[in-house]
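Undergrad: structure.txt is reproduced below (compact mmCIF, C-alpha atoms and all ligand atoms).
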# COMPACT_ATOMS: atom_id res chain seq x y z
CA MET A 117 -13.92 15.93 6.84
CA VAL A 118 -11.66 17.43 9.43
CA ASP A 119 -9.54 20.51 9.90
CA LEU A 120 -5.89 20.13 10.76
CA LEU A 121 -5.24 22.69 13.47
CA PRO A 122 -1.91 24.38 14.22
CA GLN A 123 -1.20 21.95 17.07
CA ASP A 124 -1.50 19.05 14.59
CA THR A 125 0.35 20.34 11.57
CA TRP A 126 3.87 20.23 12.99
CA LEU A 127 3.81 16.45 13.27
CA TRP A 128 2.26 16.19 9.80
CA GLN A 129 5.08 18.27 8.40
CA GLN A 130 7.66 16.05 10.11
CA VAL A 131 6.16 12.87 8.66
CA GLU A 132 5.79 14.39 5.20
CA ALA A 133 9.39 15.62 5.27
CA GLN A 134 10.66 12.22 6.35
CA ALA A 135 8.68 10.49 3.60
CA ARG A 136 9.95 12.95 1.00
CA ASP A 137 13.53 12.33 2.07
CA HIS A 138 13.00 8.57 2.11
CA PHE A 139 11.65 8.64 -1.46
CA ARG A 140 14.49 10.88 -2.63
CA ARG A 141 17.03 8.41 -1.30
CA ALA A 142 15.21 5.60 -3.14
CA GLY A 143 15.43 7.56 -6.40
CA LEU A 144 11.70 8.26 -6.75
CA GLN A 145 10.23 11.37 -8.31
CA GLU A 146 7.13 13.19 -7.17
CA ILE A 147 4.00 13.51 -9.28
CA ARG A 148 1.04 15.80 -8.49
CA THR A 149 -2.29 15.26 -10.15
CA PRO A 150 -5.60 17.16 -9.87
CA LEU A 151 -8.09 16.33 -7.12
CA LEU A 152 -10.85 16.13 -9.70
CA GLU A 153 -10.99 13.63 -12.57
CA PRO A 154 -13.60 12.36 -15.02
CA THR A 155 -15.78 9.85 -13.16
CA GLN A 156 -15.12 7.23 -15.80
CA LEU A 157 -11.43 7.07 -14.88
CA PHE A 158 -12.29 5.62 -11.49
CA SER A 159 -15.18 3.40 -12.53
CA ARG A 160 -13.02 1.81 -15.24
CA SER A 161 -9.95 1.30 -13.05
CA ILE A 162 -11.21 0.62 -9.55
CA GLY A 163 -14.17 -1.40 -10.86
CA GLU A 164 -17.94 -0.83 -10.96
CA ALA A 165 -18.57 -3.64 -8.48
CA THR A 166 -16.35 -2.24 -5.72
CA ASP A 167 -17.67 -0.35 -2.69
CA VAL A 168 -15.47 2.61 -3.61
CA VAL A 169 -17.13 3.11 -7.00
CA GLY A 170 -20.57 1.79 -6.06
CA LYS A 171 -21.12 3.73 -2.84
CA GLU A 172 -18.29 6.01 -1.88
CA MET A 173 -17.44 8.46 -4.64
CA TYR A 174 -18.14 12.18 -4.50
CA THR A 175 -19.51 12.57 -7.99
CA PHE A 176 -21.25 15.57 -9.55
CA GLN A 177 -21.97 17.23 -12.89
CA ASP A 178 -19.85 20.29 -13.64
CA ARG A 179 -21.21 23.32 -15.52
CA SER A 180 -20.57 21.60 -18.85
CA GLU A 181 -22.51 18.59 -17.60
CA ARG A 182 -19.47 16.37 -17.44
CA SER A 183 -19.49 13.83 -14.65
CA CYS A 184 -16.59 14.62 -12.29
CA THR A 185 -15.35 12.79 -9.21
CA LEU A 186 -13.13 13.85 -6.33
CA ARG A 187 -10.33 11.30 -6.44
CA PRO A 188 -10.94 8.39 -4.04
CA GLU A 189 -7.33 7.18 -4.48
CA GLY A 190 -4.18 8.09 -6.38
CA THR A 191 -3.26 5.15 -8.62
CA ALA A 192 -5.80 5.78 -11.40
CA SER A 193 -4.81 9.46 -11.65
CA VAL A 194 -1.09 8.65 -11.77
CA VAL A 195 -1.66 6.11 -14.54
CA ARG A 196 -3.83 8.57 -16.47
CA ALA A 197 -1.17 11.28 -16.18
CA ALA A 198 1.62 8.90 -17.24
CA ILE A 199 -0.35 7.88 -20.35
CA GLN A 200 -1.46 11.42 -21.19
CA HIS A 201 2.06 12.88 -20.99
CA GLY A 202 3.87 10.02 -22.68
CA LEU A 203 5.94 9.21 -19.58
CA LEU A 204 5.81 5.52 -20.36
CA SER A 205 7.79 5.92 -23.57
CA GLN A 206 10.63 7.41 -21.49
CA GLY A 207 11.30 4.14 -19.65
CA GLY A 208 10.20 2.87 -16.26
CA GLN A 209 8.70 5.46 -13.94
CA ARG A 210 9.25 5.38 -10.19
CA LEU A 211 6.83 7.92 -8.77
CA TRP A 212 5.47 9.03 -5.43
CA TYR A 213 2.60 11.30 -4.45
CA SER A 214 0.78 12.59 -1.43
CA GLY A 215 -2.44 14.45 -0.88
CA PRO A 216 -6.10 14.33 0.05
CA MET A 217 -8.46 11.60 -1.19
CA PHE A 218 -12.23 11.46 -0.81
CA ARG A 219 -14.53 8.55 0.00
CA TYR A 220 -18.08 8.78 1.27
CA GLU A 221 -17.59 6.21 4.02
CA ARG A 222 -19.09 6.06 7.49
CA PRO A 223 -16.65 8.17 9.53
CA GLN A 224 -15.02 6.66 12.62
CA ALA A 225 -11.58 6.65 14.23
CA GLY A 226 -9.10 6.20 11.37
CA ARG A 227 -11.77 6.54 8.70
CA GLN A 228 -12.66 9.90 7.22
CA ARG A 229 -14.38 11.22 4.15
CA GLN A 230 -11.44 13.40 3.29
CA PHE A 231 -8.24 11.61 4.24
CA HIS A 232 -4.63 11.80 3.11
CA GLN A 233 -2.49 9.22 1.40
CA ILE A 234 1.19 8.97 0.65
CA GLY A 235 1.84 6.47 -2.09
CA LEU A 236 4.23 5.21 -4.71
CA GLU A 237 3.75 3.70 -8.14
CA PHE A 238 6.39 1.87 -10.19
CA LEU A 239 5.25 1.83 -13.82
CA GLY A 240 7.04 -0.37 -16.35
CA PHE A 241 8.59 -2.92 -13.96
CA ALA A 242 7.64 -6.59 -14.26
CA ASP A 243 10.22 -8.37 -12.16
CA ALA A 244 9.29 -9.77 -8.74
CA ARG A 245 12.16 -7.70 -7.36
CA SER A 246 10.17 -4.52 -8.02
CA ASP A 247 7.36 -5.87 -5.80
CA VAL A 248 9.97 -6.56 -3.12
CA GLU A 249 11.55 -3.14 -3.47
CA ALA A 250 8.17 -1.37 -3.32
CA ILE A 251 7.24 -3.27 -0.16
CA ALA A 252 10.66 -2.67 1.39
CA ILE A 253 10.33 1.09 0.83
CA ALA A 254 7.01 1.07 2.71
CA TRP A 255 8.37 -1.14 5.47
CA ASP A 256 11.50 0.95 5.97
CA LEU A 257 9.59 4.22 5.90
CA LEU A 258 7.25 3.02 8.64
CA SER A 259 10.03 1.44 10.71
CA GLY A 260 12.15 4.57 10.28
CA LEU A 261 9.32 6.60 11.78
CA GLY A 262 9.66 4.47 14.88
CA LEU A 263 6.54 2.36 14.45
CA GLY A 264 6.77 -1.09 15.91
CA GLN A 265 4.13 -3.81 16.08
CA LEU A 266 3.54 -3.74 12.35
CA ALA A 267 2.60 -6.85 10.41
CA LEU A 268 3.02 -7.38 6.69
CA GLU A 269 0.40 -9.62 5.15
CA LEU A 270 0.99 -11.03 1.72
CA ASN A 271 -1.10 -12.80 -0.89
CA THR A 272 -1.18 -13.39 -4.60
CA LEU A 273 -4.26 -12.75 -6.67
CA GLY A 274 -2.82 -14.51 -9.75
CA THR A 275 -3.68 -13.47 -13.29
CA PRO A 276 -7.14 -12.30 -14.41
CA LEU A 277 -7.68 -15.72 -16.02
CA GLU A 278 -6.77 -17.60 -12.85
CA ARG A 279 -8.96 -15.27 -10.84
CA GLU A 280 -11.89 -15.79 -13.21
CA ARG A 281 -11.56 -19.54 -12.81
CA TYR A 282 -11.41 -19.13 -9.07
CA ARG A 283 -14.32 -16.70 -9.04
CA SER A 284 -16.59 -19.34 -10.62
CA ASP A 285 -15.47 -21.98 -8.08
CA LEU A 286 -16.01 -19.62 -5.17
CA LEU A 287 -19.35 -18.39 -6.48
CA ALA A 288 -20.60 -21.95 -6.81
CA PHE A 289 -19.51 -22.67 -3.22
CA LEU A 290 -21.10 -19.49 -1.82
CA ARG A 291 -24.35 -20.06 -3.73
CA ARG A 292 -24.59 -23.48 -2.11
CA HIS A 293 -24.29 -21.83 1.33
CA HIS A 294 -26.27 -18.69 0.55
CA ASP A 295 -28.46 -18.98 3.68
CA GLN A 296 -25.45 -18.99 6.00
CA LEU A 297 -24.05 -15.72 4.67
CA ASP A 298 -24.59 -12.34 6.35
CA PRO A 299 -26.90 -9.91 4.46
CA ASP A 300 -24.03 -7.75 3.10
CA SER A 301 -22.23 -10.76 1.70
CA GLN A 302 -25.47 -12.06 0.18
CA ASP A 303 -26.01 -8.68 -1.39
CA ARG A 304 -22.64 -8.52 -3.16
CA LEU A 305 -22.34 -12.23 -3.81
CA GLU A 306 -23.07 -12.13 -7.56
CA ARG A 307 -21.28 -8.84 -8.16
CA ASN A 308 -18.08 -9.49 -6.25
CA PRO A 309 -17.85 -12.86 -4.50
CA LEU A 310 -14.16 -12.37 -3.56
CA ARG A 311 -15.14 -9.52 -1.27
CA THR A 312 -16.95 -12.03 0.95
CA PHE A 313 -13.52 -12.56 2.51
CA ASP A 314 -13.72 -9.02 3.89
CA SER A 315 -16.81 -9.85 5.95
CA LYS A 316 -16.32 -9.42 9.69
CA HIS A 317 -19.34 -11.66 10.39
CA PRO A 318 -18.24 -14.71 12.46
CA GLN A 319 -20.62 -17.16 10.77
CA THR A 320 -19.51 -16.03 7.30
CA GLN A 321 -15.87 -16.27 8.37
CA ALA A 322 -16.43 -19.79 9.73
CA LEU A 323 -18.02 -20.84 6.45
CA LEU A 324 -15.11 -19.44 4.46
CA ALA A 325 -12.70 -21.79 6.24
CA ASP A 326 -13.96 -24.50 3.88
CA ALA A 327 -14.16 -22.31 0.77
CA PRO A 328 -11.97 -23.10 -2.26
CA THR A 329 -8.66 -21.19 -2.30
CA LEU A 330 -7.14 -19.16 -5.09
CA ALA A 331 -3.80 -20.88 -4.47
CA ALA A 332 -5.29 -24.11 -5.80
CA ASN A 333 -6.20 -22.31 -9.06
CA LEU A 334 -2.76 -20.83 -9.75
CA ASP A 335 -0.57 -21.96 -12.62
CA SER A 336 3.07 -22.75 -11.98
CA ALA A 337 4.26 -19.40 -13.44
CA SER A 338 2.16 -17.47 -10.90
CA ARG A 339 3.26 -19.75 -8.09
CA ASP A 340 6.92 -19.26 -9.04
CA ARG A 341 6.51 -15.54 -9.18
CA PHE A 342 4.95 -15.50 -5.74
CA SER A 343 7.82 -17.63 -4.38
CA GLN A 344 10.31 -15.10 -5.78
CA VAL A 345 8.55 -12.27 -3.97
CA GLN A 346 8.68 -14.22 -0.72
CA ALA A 347 12.34 -15.14 -1.22
CA GLY A 348 13.13 -11.47 -1.87
CA LEU A 349 11.44 -10.39 1.34
CA ASN A 350 13.23 -13.13 3.28
CA ALA A 351 16.55 -11.97 1.85
CA LEU A 352 15.84 -8.46 3.14
CA GLU A 353 14.73 -9.91 6.48
CA ILE A 354 11.33 -8.29 6.20
CA PRO A 355 8.93 -10.50 8.16
CA PHE A 356 5.58 -11.33 6.55
CA ARG A 357 2.61 -13.59 7.01
CA LEU A 358 0.84 -15.28 4.13
CA ASN A 359 -2.85 -14.43 4.15
CA PRO A 360 -4.79 -16.25 1.42
CA ARG A 361 -7.86 -14.20 2.37
CA LEU A 362 -6.31 -10.85 1.53
CA VAL A 363 -8.30 -9.62 -1.47
CA ARG A 364 -8.05 -5.78 -1.36
CA GLY A 365 -10.98 -3.53 -2.14
CA LEU A 366 -10.01 -2.37 -5.64
CA ASP A 367 -10.37 -4.48 -8.76
CA TYR A 368 -7.18 -3.64 -10.63
CA TYR A 369 -4.80 -5.97 -8.77
CA SER A 370 -3.09 -9.07 -10.11
CA HIS A 371 -0.37 -11.25 -8.55
CA THR A 372 1.10 -9.63 -5.41
CA ALA A 373 -1.31 -8.00 -2.96
CA PHE A 374 -0.18 -6.85 0.46
CA GLU A 375 -1.20 -4.86 3.50
CA ILE A 376 0.73 -3.54 6.46
CA THR A 377 -1.46 -3.59 9.53
CA SER A 378 -1.17 -2.61 13.16
CA SER A 379 -3.06 -4.23 16.00
CA GLN A 380 -3.05 -0.81 17.70
CA LEU A 381 -5.31 0.71 15.07
CA GLY A 382 -8.52 -0.96 16.23
CA ALA A 383 -11.13 -1.73 13.60
CA GLN A 384 -9.31 0.17 10.82
CA ALA A 385 -6.16 -1.90 11.17
CA THR A 386 -4.75 -1.39 7.69
CA LEU A 387 -2.13 1.29 7.51
CA CYS A 388 -0.77 0.64 4.04
CA GLY A 389 -2.12 -1.38 1.14
CA GLY A 390 -1.02 -2.11 -2.36
CA GLY A 391 0.05 -4.62 -4.93
CA ARG A 392 0.68 -5.29 -8.58
CA TYR A 393 -1.68 -4.02 -11.29
CA ASP A 394 -0.28 -5.23 -14.58
CA GLY A 395 -3.49 -4.70 -16.59
CA LEU A 396 -4.42 -1.18 -15.53
CA VAL A 397 -2.32 0.95 -17.88
CA GLU A 398 -3.64 -0.92 -20.90
CA GLU A 399 -7.19 -0.83 -19.54
CA LEU A 400 -6.93 2.97 -19.41
CA GLY A 401 -5.73 3.21 -23.01
CA GLY A 402 -1.95 3.05 -22.58
CA PRO A 403 0.60 0.51 -23.77
CA SER A 404 0.76 -2.82 -21.93
CA THR A 405 2.79 -1.88 -18.83
CA PRO A 406 3.44 -3.92 -15.69
CA ALA A 407 3.13 -1.92 -12.49
CA VAL A 408 3.18 -2.16 -8.73
CA GLY A 409 2.50 0.33 -5.94
CA TRP A 410 0.98 1.11 -2.57
CA ALA A 411 -0.57 3.87 -0.53
CA LEU A 412 -0.66 4.51 3.17
CA GLY A 413 -3.20 6.48 5.17
CA LEU A 414 -1.59 9.45 6.87
CA GLU A 415 -4.34 9.85 9.51
CA ARG A 416 -3.79 6.26 10.62
CA LEU A 417 -0.03 6.73 10.59
CA LEU A 418 -0.36 9.84 12.74
CA MET A 419 -2.67 8.03 15.17
CA LEU A 420 -0.01 5.37 15.63
CA LEU A 421 2.79 7.87 16.02
CA CYS A 422 0.87 9.76 18.70
CA GLN A 423 0.23 6.51 20.57
CA ALA A 424 3.80 5.29 20.20
CA SER A 425 5.73 8.33 21.31
CA ALA A 426 5.52 10.41 24.41
CA LYS A 427 7.55 13.06 22.64
CA SER A 428 5.85 16.34 22.14
CA ALA A 429 4.28 16.97 18.79
CA THR A 430 4.46 20.71 19.15
CA ALA A 431 6.46 23.00 16.92
CA PRO A 432 9.94 23.94 18.16
CA GLU A 433 10.25 27.06 20.29
CA PRO A 434 11.67 30.26 18.81
CA ASP A 435 15.34 31.09 19.33
CA LEU A 436 14.55 34.70 20.09
CA TYR A 437 11.58 36.80 21.15
CA VAL A 438 11.81 40.49 20.34
CA VAL A 439 10.45 42.63 23.15
CA ASN A 440 9.95 46.19 21.86
CA ARG A 441 8.34 49.40 23.02
CA GLY A 442 8.30 53.02 21.88
CA HIS A 443 7.22 54.54 18.60
CA ALA A 444 10.61 54.60 16.89
CA ALA A 445 11.82 51.39 18.55
CA GLU A 446 8.81 49.41 17.27
CA SER A 447 9.60 50.00 13.63
CA ALA A 448 13.30 49.41 14.26
CA ALA A 449 12.32 46.11 15.95
CA LEU A 450 10.48 45.04 12.81
CA ARG A 451 13.64 45.68 10.78
CA LEU A 452 15.78 43.90 13.37
CA ALA A 453 13.52 40.81 13.47
CA ARG A 454 13.63 40.67 9.70
CA SER A 455 17.41 40.83 9.51
CA ILE A 456 17.85 38.19 12.25
CA ARG A 457 15.43 35.90 10.39
CA GLN A 458 17.57 36.38 7.30
CA LEU A 459 20.46 35.01 9.36
CA GLY A 460 18.46 31.80 9.75
CA LEU A 461 17.15 32.16 13.29
CA HIS A 462 13.57 31.60 14.41
CA VAL A 463 12.34 34.95 15.69
CA GLU A 464 9.03 36.06 17.18
CA LEU A 465 8.25 39.72 17.39
CA ASP A 466 5.93 40.98 20.08
CA PRO A 467 3.22 42.82 18.20
CA GLY A 468 1.38 44.38 21.12
CA GLY A 469 3.20 47.55 22.18
CA SER A 470 2.25 46.63 25.75
CA ALA A 471 4.32 47.11 28.93
CA PHE A 472 7.73 45.43 29.03
CA SER A 473 6.61 43.14 31.88
CA LYS A 474 3.71 41.78 29.79
CA GLN A 475 5.95 41.26 26.81
CA PHE A 476 8.46 39.34 28.94
CA LYS A 477 5.65 37.10 30.19
CA ARG A 478 4.69 36.33 26.60
CA ALA A 479 8.34 35.73 25.71
CA ASP A 480 8.61 33.25 28.55
CA ARG A 481 5.35 31.49 27.67
CA CYS A 482 6.33 30.94 24.04
CA GLY A 483 9.44 29.05 25.18
CA ALA A 484 12.02 31.27 23.47
CA LEU A 485 15.59 30.83 24.60
CA TRP A 486 16.51 34.51 24.50
CA ALA A 487 14.78 37.84 24.58
CA VAL A 488 15.96 40.64 22.37
CA VAL A 489 15.03 43.96 23.95
CA LEU A 490 14.69 47.13 21.95
CA GLY A 491 13.21 50.31 23.44
CA ASP A 492 13.70 53.94 22.49
CA GLU A 493 16.69 54.14 24.87
CA GLU A 494 18.50 51.25 23.17
CA LEU A 495 17.61 52.69 19.79
CA ALA A 496 19.16 56.03 20.72
CA ALA A 497 22.33 54.18 21.75
CA GLY A 498 22.31 52.11 18.53
CA VAL A 499 22.14 48.77 20.36
CA PHE A 500 19.74 46.00 21.34
CA GLN A 501 19.92 43.88 24.47
CA LEU A 502 20.11 40.13 24.66
CA LYS A 503 18.63 38.56 27.79
CA PRO A 504 18.68 34.86 28.63
CA LEU A 505 15.23 33.41 29.38
CA ARG A 506 16.01 29.79 30.14
CA GLY A 507 18.52 29.82 32.96
CA GLN A 508 21.55 30.43 30.75
CA PRO A 509 24.35 32.40 32.46
CA GLN A 510 22.89 35.73 33.56
CA VAL A 511 24.59 38.13 31.22
CA ASP A 512 22.92 41.14 29.71
CA ILE A 513 24.65 41.97 26.51
CA ASN A 514 24.32 44.99 24.31
CA LEU A 515 24.86 44.31 20.66
CA PRO A 516 25.14 46.85 17.86
CA LEU A 517 21.89 47.30 15.94
CA ASP A 518 23.76 47.65 12.67
CA ASP A 519 25.56 44.30 13.04
CA PRO A 520 23.04 41.66 14.14
CA ALA A 521 25.33 38.93 12.75
CA ARG A 522 27.33 39.22 16.01
CA LEU A 523 24.34 37.42 17.57
CA ILE A 524 25.15 34.23 15.73
CA GLU A 525 28.70 34.09 17.16
CA LEU A 526 27.34 34.77 20.61
CA LEU A 527 24.61 32.16 20.48
CA ARG A 528 27.01 29.53 19.17
CA ARG A 529 29.18 29.81 22.28
P1 LIG B 601 -6.51 1.44 -0.28
O1 LIG B 601 -6.27 0.17 0.46
O2 LIG B 601 -7.89 1.71 -0.73
O3 LIG B 601 -5.51 1.41 -1.51
O4 LIG B 601 -6.02 2.66 0.61
C1 LIG B 601 -4.71 2.70 1.11
C2 LIG B 601 -4.71 3.23 2.54
O5 LIG B 601 -5.39 4.49 2.60
C3 LIG B 601 -5.46 2.36 3.54
O6 LIG B 601 -4.65 1.31 4.01
C4 LIG B 601 -5.76 3.36 4.65
O7 LIG B 601 -4.64 3.52 5.51
C5 LIG B 601 -5.99 4.64 3.89
N1 LIG B 601 -7.44 4.89 3.76
C6 LIG B 601 -8.29 4.40 2.84
N2 LIG B 601 -9.54 4.88 3.05
C7 LIG B 601 -9.48 5.70 4.12
C8 LIG B 601 -10.42 6.51 4.84
N3 LIG B 601 -11.69 6.60 4.46
N4 LIG B 601 -9.98 7.21 5.91
C9 LIG B 601 -8.68 7.17 6.29
N5 LIG B 601 -7.74 6.43 5.65
C10 LIG B 601 -8.13 5.70 4.58
C11 LIG B 601 -5.43 2.40 -2.44
O8 LIG B 601 -5.94 3.48 -2.33
C12 LIG B 601 -4.55 2.04 -3.62
N6 LIG B 601 -4.55 3.17 -4.57
C13 LIG B 601 -3.14 1.70 -3.17
C14 LIG B 601 -2.25 1.33 -4.30
C15 LIG B 601 -1.34 2.12 -4.90
N7 LIG B 601 -2.24 0.18 -4.93
C16 LIG B 601 -1.36 0.22 -5.89
N8 LIG B 601 -0.82 1.41 -5.90
Mind turning this structure into C-alpha cells?
Ligand code: HAM

TA:
Amino acid sequence: MVDLLPQDTWLWQQVEAQARDHFRRAGLQEIRTPLLEPTQLFSRSIGEATDVVGKEMYTFQDRSERSCTLRPEGTASVVRAAIQHGLLSQGGQRLWYSGPMFRYERPQAGRQRQFHQIGLEFLGFADARSDVEAIAIAWDLLSGLGLGQLALELNTLGTPLERERYRSDLLAFLRRHHDQLDPDSQDRLERNPLRTFDSKHPQTQALLADAPTLAANLDSASRDRFSQVQAGLNALEIPFRLNPRLVRGLDYYSHTAFEITSSQLGAQATLCGGGRYDGLVEELGGPSTPAVGWALGLERLLMLLCQASAKSATAPEPDLYVVNRGHAAESAALRLARSIRQLGLHVELDPGGSAFSKQFKRADRCGALWAVVLGDEELAAGVFQLKPLRGQPQVDINLPLDDPARLIELLRR
C-alpha cells in the first residue's frame, strides 16, 4: 500500500476532476459505498473459484464476529446499495464511483494491494446500445486525457447456459492434455477451466490454440447481440479487436466482456475492464435487472499519463506571496492574505518573520508571480506594496490596505 505524496496529488486531482466532469456530461450520478462489506457479498458475486475471492481478499472478524472484507472492487457494493435502497424501482440507474480497493496480490509496477478505481455501472439497461455507450464513455475519457496507443479488446461470454456447455467442452479438452499444462493451470483446472486462458505460460498458450471456442457454443440470439455491440462501436468509430480468449477474472459476467489495454504498461497491461452482468442483481437478492459497467485502475492511468506527457505534474504556482515583517504588520498580513483569498486569488503567506531578503528568496522559489510586501512602515501608511517577481514591468505600486479589490483590476491589466 502506498502513500500519495504532495508532489503526486495534483495530477490525481486533475484526473479525478476530468473524470467527474466527463460523467456529469454523460448524465451519470455518483454513488459512494463503504470500504467494508460483509464477506459474503463478494464471495457470492465475484465467485468462490476466482483468485480475488480465493486468495486476495482482506477478510477479518469484527468485534461481533461477523466476517468483513475490505472491498476488492466496486460492482458488488454498488449492486448491494441499489437493492438495499430500492433504487431499482426508480428506473434505470446510471452510476459512477471512485475510491480505494484492496486485493492481497503480489505488488509490482501497476499492481498494489490498495489501489484506486474509477468505474461506472448502468443498472436496468438490456439493450446492446448500453454496452456501446458504457464502452464509449471509457474510451472517450481515456482519449480525452491524451492517452494514445490504447487498444480495446472485445469478447462475448454468452449466457450462463452457453458458458456451462462450453465449460464442459473445454474441461474435457484440458483434461485430455493435463500433462502439458503449467502447474497453476493444472491447479485451477477443475475449479475454473476458463481461467486457463489467462496463463502466460507459452506451452499452455500453444495448447489453447486448438482448444474449443465459446463462439462455437453460442446461440443465434447471443451472436446477434454481439454483432449489435460491434456495429455500435463501428458506428462510433471506436476501434476494437475481437479477442475470443478474453475471460475476465470475475465470475459475474455474461455476454459482452471488454478490456482497454496499453502496450506501455508492461506486464499489467489492462487499464480498464468490464462487461455485462445480467445475473448479478438477482443473485444478490434483487429483481432481475440487466446491467453493464467497467472500472479502470487509477495508478495505471497515472503511470501512462506520466509517461505520455512531458508537462509538469506539479501544482500551479501562487499568484501572490505575502512578505511581511514587524509585530503589527504580521497580524495585518494575515488579515490581508485572507481577504485576497476571498477575492479568489491563490495566496501564500510567509510564516517565518525572517529578514525581508530571506522572505523574497522564498517568494521567488515558490514561483509566485507577485510579492505583496507589508511591513510596519506600510501599515502605518495604510498601504501594501506590490512587486513583480517574474520579469513583469518593474513598477512598485502601493495599494490601499482597506481596498484589496483594487489588486484584481491591476493584475488583470
Ligand atoms: P477488474 O478487471 O478486476 O474489474 O479491475 C479493473 C481495473 O482495476 C483493472 O483493469 C486495473 O486497471 C485495476 N486493478 C485491478 N487490480 C489492481 C491492483 N491490484 N493494482 C492496481 N490496479 C488494479 C473490476 O474490478 C470490475 N468491478 C469492473 C466492472 C465494473 N465490471 C463491471 N462493472

Undergrad: Taking only C-alpha atoms and all ligand atoms into account, list the residues no farther than 9 Å from ligand LIG 601 (chain B), as an MDAnalysis selection string.

TA: chainID A and resid 162 168 188:192 217:238 364:366 368:369 373 375:377 384:393 407:417

Undergrad: Give me, as a list of chain:residue names, all polymer residues having an atom no more than 12 Å from A:Ala351, counting all atoms listed in the file and skipping those fewer than 6 positions away in the same chain.

TA: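 The neighbour list is A:Arg245, A:Val248, A:Glu249, A:Ala252, A:Gln344, A:Val345.
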
Undergrad: So that I can check the surroundings of A:Leu239, please list as a ChimeraX atom specification every protein, DNA and RNA residue that reaches within 8 Å of it, counting all atoms listed in the file and ignoring chain neighbours fewer than 6 positions away.

TA: /A:204,208-210,405-408

Undergrad: Report, in Å with one decimal, the straight-line distance from atom CA of A:Ser470 to atom CA of A:Leu526.

TA: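 So the two atoms, atom CA of A:Ser470 and atom CA of A:Leu526, lie 28.2 Å apart.
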
Undergrad: Which residue gives the smallest distance to A:Gln475 among A:Gln508, A:Asn440, A:Ser259, A:Ser404, with only C-alpha atoms counted?

TA: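 Checking each candidate against A:Gln475, we get A:Asn440 as the closest.
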
Undergrad: Of the residues A:Ala250, A:Ala288, A:Val195, A:Leu144, which is the one nearest to A:Gly402, using all atoms listed in the file?

TA: A:Val195

Undergrad: Identify which of the residues A:Leu287, A:Leu490, A:Ile456, A:Leu266 lies closest to A:Phe472, counting all atoms listed in the file when measuring atom-to-atom distances.

TA: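 Ranking A:Leu287, A:Leu490, A:Ile456, A:Leu266 by distance to A:Phe472, first place goes to A:Leu490.
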
Undergrad: Point out the residue among A:Thr175, A:Asn333, A:Asn271, A:Arg528 with the least atom-to-atom distance to A:Leu286, counting only C-alpha atoms.

TA: A:Asn333

Undergrad: For A:Gln302, please output as a list in words all residues within 12 Å (counting only C-alpha atoms; exclusion window: fewer than 4 positions along the same chain).

TA: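 Everything that qualifies: Leu287, Leu290, Arg291, Arg292, His293, His294, Asp295, Gln296, Leu297, Asp298, Glu306, Arg307, Asn308, Pro309, Leu310, Arg311, Thr312, Ser315, His317 and Thr320 of chain A.
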
Undergrad: Can you tell me, as lines of an AutoDock Vina configuration file, the centre and edge lengths (Å, one decimal) of the axis-aligned box enclosing all of stretch 151-165 of chain A's listed atoms after padding each side by 6 Å?

TA:
center_x = -13.3
center_y = 6.3
center_z = -11.5
size_x = 22.5
size_y = 32.0
size_z = 20.7

Undergrad: Quick one: pull the distance between atom CA of A:Phe176 and atom CA of A:Ser159, Å, one decimal.

TA: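 A separation of 13.9 Å between them.
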